[in-house]
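**Student:** My questions all concern the structure below.
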Amino acid sequence: MSQTQSNQLAHTQVVCTRAWENLQRDLGFSLVMGTRATGDLHLVSVKKDSGIHLHIQKFPLCMGIATWRNQLWVACANDVRQYTDILQHPGVNSIEFERCYVPRSLHFTGPLDAHEIAVDRHGQLLIVSSQYSAVVRLSNTHSAGVIWQPAFISALKPEDRCHLNGLCLQDGELKYVTLFARSDAPSGWRKLSFEQGEILDVSTGDAVCEGLVQPHSPRLYRGQLYVLNSGAGEFGLVDQKTGRFECIAYVAGYGRGLSFVGDYAIFGVSRPKTDAYIPGLKLHDRLRAMQAQDRCALIAVHLATGDVIEGIQFHGAVRELFDTHVIEDCRSVSMMDMDQAQNPGLVVIDPVRNRETSDA
């Protein structure tokens, strides 16, 4: 086992296993990972010789992450930030990194409580707003515009009625969402049983799977529907015809931010905000029975066998991971902050002439 401590994370020890390093190196990917409340965005790469490189950027909260073509988005507390890979441009090179994301826009949304995000086939960013119980898009005239809302939600109010949190695209269109419980009352899901989580088909409004425990991250991958049954500490798949959930792996942690590479699912497992035992929550009941503790870690699960690779563990101040995003065919990735991006040497001009503007 190799261990790496990062001085950039105050009061936190970061430990990476050799198995995780080998997985990244063999499959040739990098990873973007957010630590939610602490606001750290980690870009995880493999070094050329050996070891893992963590590039860390600070954000005001760090929630959903999405990529599309050469762009990357990060949802924060009150805004969404869009970055572009500057190394795509001819003449801009790096001897160390294969991709380097620089900030290009910041869209103020206000406190949507943005959770998962994704880019549809039109290049439009979709955002799950838990606060407004809706999937929304960015707007040039408003904080956001509604794309979809569950039929049982009677008003567009910031009341987190059902805790809508995850979304999934099919052929570039919004297909599935996850929620904790069907409720039309302010914070109504908090008063209901833990085992009322659902995956909804947005085209029909019907439940594809019911009885889940605080589910997150519905994903279609290789024709299968996967989901994190977070409150039970499980990762599994759903039969889209019968609605049956099949557990692939018990991961002994609260999962969020599901992504895939090759034959593996990758996501983070988190500790609760406090060390308090939550009675009735399947995950905590099982951990207590096993006399085990939950943890904050990045893990990988083999889709066929359910074998779990312990990846990167966080000990200390970092307690929660929210999202992960795989960058395939890229072994090294970096990101610039807003100050670094203002370097005059980073100015790149699009040579394609805009006829409409030039002819005016």
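Following the order of the structure tokens, chains are lettered A, B, ..., residues in each are numbered from 1, and ligands are numbered from 1.
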Write out as a PyMOL selection string each polymer residue whose atoms come within 9 Å of Gly145 (chain A), counting only C-alpha atoms; drop sequence neighbours fewer than 3 positions from it.
**Tutor:** chain A and resi 135-139+142
**Student:** Output as a PyMOL selection string all residues of region 286-348 of chain A that backbone DSSP marks as alpha helix (DSSP H).
**Tutor:** chain A and resi 286-290
**Student:** Take the residues from that selection and write them out as a CSV table (one decimal), in the first residue's frame, keeping C-alpha atoms.
**Tutor:**
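And here's out-v2.csv as it stands now:
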chain,number,residue,atom,x,y,z
A,286,ARG,CA,-25.9,-2.9,9.7
A,287,LEU,CA,-22.7,-1.1,10.7
A,288,ARG,CA,-23.7,-1.3,14.4
A,289,ALA,CA,-24.4,-5.0,14.1
A,290,MET,CA,-21.0,-5.5,12.5
**Student:** How many Å lie between CA of Leu106 (chain A) and CA of Gly268 (chain A), rounded to one decimal?
**Tutor:**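 Answer for the CA of Leu106 (chain A) to CA of Gly268 (chain A) separation: 26.3 Å.
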**Student:** Looking at A:Leu54, A:Ala151, A:Ile266, A:Val308, which one is nearest to Val251 (chain A), with distances taken over only C-alpha atoms?
**Tutor:** A:Val308
**Student:** Write out as a short mmCIF file (atom, residue, chain, number, x, y, z; two decimals) with C-alpha atoms, in the first residue's frame the residues lying within 6 Å of Thr12 (chain A), counting only C-alpha atoms and excluding same-chain residues fewer than 6 positions away.
**Tutor:**
data_model
loop_
_atom_site.label_atom_id
_atom_site.label_comp_id
_atom_site.auth_asym_id
_atom_site.auth_seq_id
_atom_site.Cartn_x
_atom_site.Cartn_y
_atom_site.Cartn_z
CA HIS A 315 -9.23 10.85 7.53
CA GLY A 316 -10.05 14.06 9.37
CA ALA A 317 -11.94 17.16 8.30
#
**Student:** So which one's closest to Ala114 (chain A), A:Pro351, A:Pro186, A:Gly28, A:Gly64? Using only C-alpha atoms, please.
**Tutor:** A:Gly64
**Student:** What's the separation between CA of Gln340 (chain A) and CA of Val46 (chain A), in Å to one decimal place?
**Tutor:**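 So the answer is 23.1 Å.
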**Student:** As an exercise, work out the distance from CA of Asn78 (chain A) to CA of Leu61 (chain A) in Å and give it to one decimal place.
**Tutor:**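 Here the two named atoms are 8.9 Å from each other.
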**Student:** Let me make sure I understand: among A:Val213, A:Val146, A:Ile95, A:Ile327, which one has the smallest atom-to-atom distance to Leu192 (chain A) if we use only C-alpha atoms?
**Tutor:**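 Of A:Val213, A:Val146, A:Ile95, A:Ile327, the one nearest Leu192 (chain A) is A:Val213, counting only C-alpha atoms.
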**Student:** Which one is closest to Asp26 (chain A): A:Leu321, A:Val261, A:Ile278, A:Ala155? Count only C-alpha atoms.
**Tutor:**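 Under the stated criterion, the closest residue is A:Val261.
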**Student:** Using DSSP on the backbone coordinates, identify the residues of region 55-233 of chain A assigned to strand (DSSP E); present them as a ChimeraX atom specification.
**Tutor:** /A:55-58,65-68,71-75,79-85,99-108,114-119,125-129,134-137,145-148,164-170,173-179,197-201,207-212,216-221,224-229
**Student:** Looking at A:Leu125, A:Leu112, A:Ala37, A:Val333, which one is nearest to Ser94 (chain A), with distances taken over only C-alpha atoms?
**Tutor:** A:Val333
**Student:** Give me, as a ChimeraX atom specification, all polymer residues having an atom no more than 10 Å from Gly172 (chain A), counting only C-alpha atoms and skipping those fewer than 5 positions away in the same chain.
**Tutor:** /A:118-124
**Student:** Selection from above, N, CA and C atoms, as a short mmCIF file (atom, residue, chain, number, x, y, z; two decimals), in the first residue's frame, can you write it?
**Tutor:**
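What landed in selection31.cif:
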data_model
loop_
_atom_site.label_atom_id
_atom_site.label_comp_id
_atom_site.auth_asym_id
_atom_site.auth_seq_id
_atom_site.Cartn_x
_atom_site.Cartn_y
_atom_site.Cartn_z
N ALA A 118 -25.97 17.44 -15.45
CA ALA A 118 -25.59 16.71 -16.66
C ALA A 118 -25.84 17.62 -17.86
N VAL A 119 -25.16 17.32 -18.96
CA VAL A 119 -25.31 18.09 -20.19
C VAL A 119 -26.07 17.24 -21.21
N ASP A 120 -27.17 17.79 -21.74
CA ASP A 120 -27.98 17.03 -22.70
C ASP A 120 -27.36 17.10 -24.10
N ARG A 121 -28.01 16.48 -25.06
CA ARG A 121 -27.45 16.38 -26.42
C ARG A 121 -27.39 17.72 -27.14
N HIS A 122 -28.07 18.72 -26.60
CA HIS A 122 -28.05 20.06 -27.19
C HIS A 122 -26.97 20.94 -26.55
N GLY A 123 -26.23 20.39 -25.60
CA GLY A 123 -25.23 21.18 -24.90
C GLY A 123 -25.79 22.00 -23.78
N GLN A 124 -27.04 21.74 -23.39
CA GLN A 124 -27.69 22.48 -22.32
C GLN A 124 -27.45 21.78 -20.98
#
**Student:** Counting only C-alpha atoms, figure out which residue out of A:Tyr132, A:Phe152, A:Tyr250, A:Tyr226 gets nearest to Val208 (chain A).
**Tutor:**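 Looking at the shortest contact to Val208 (chain A), the residue is A:Tyr226.
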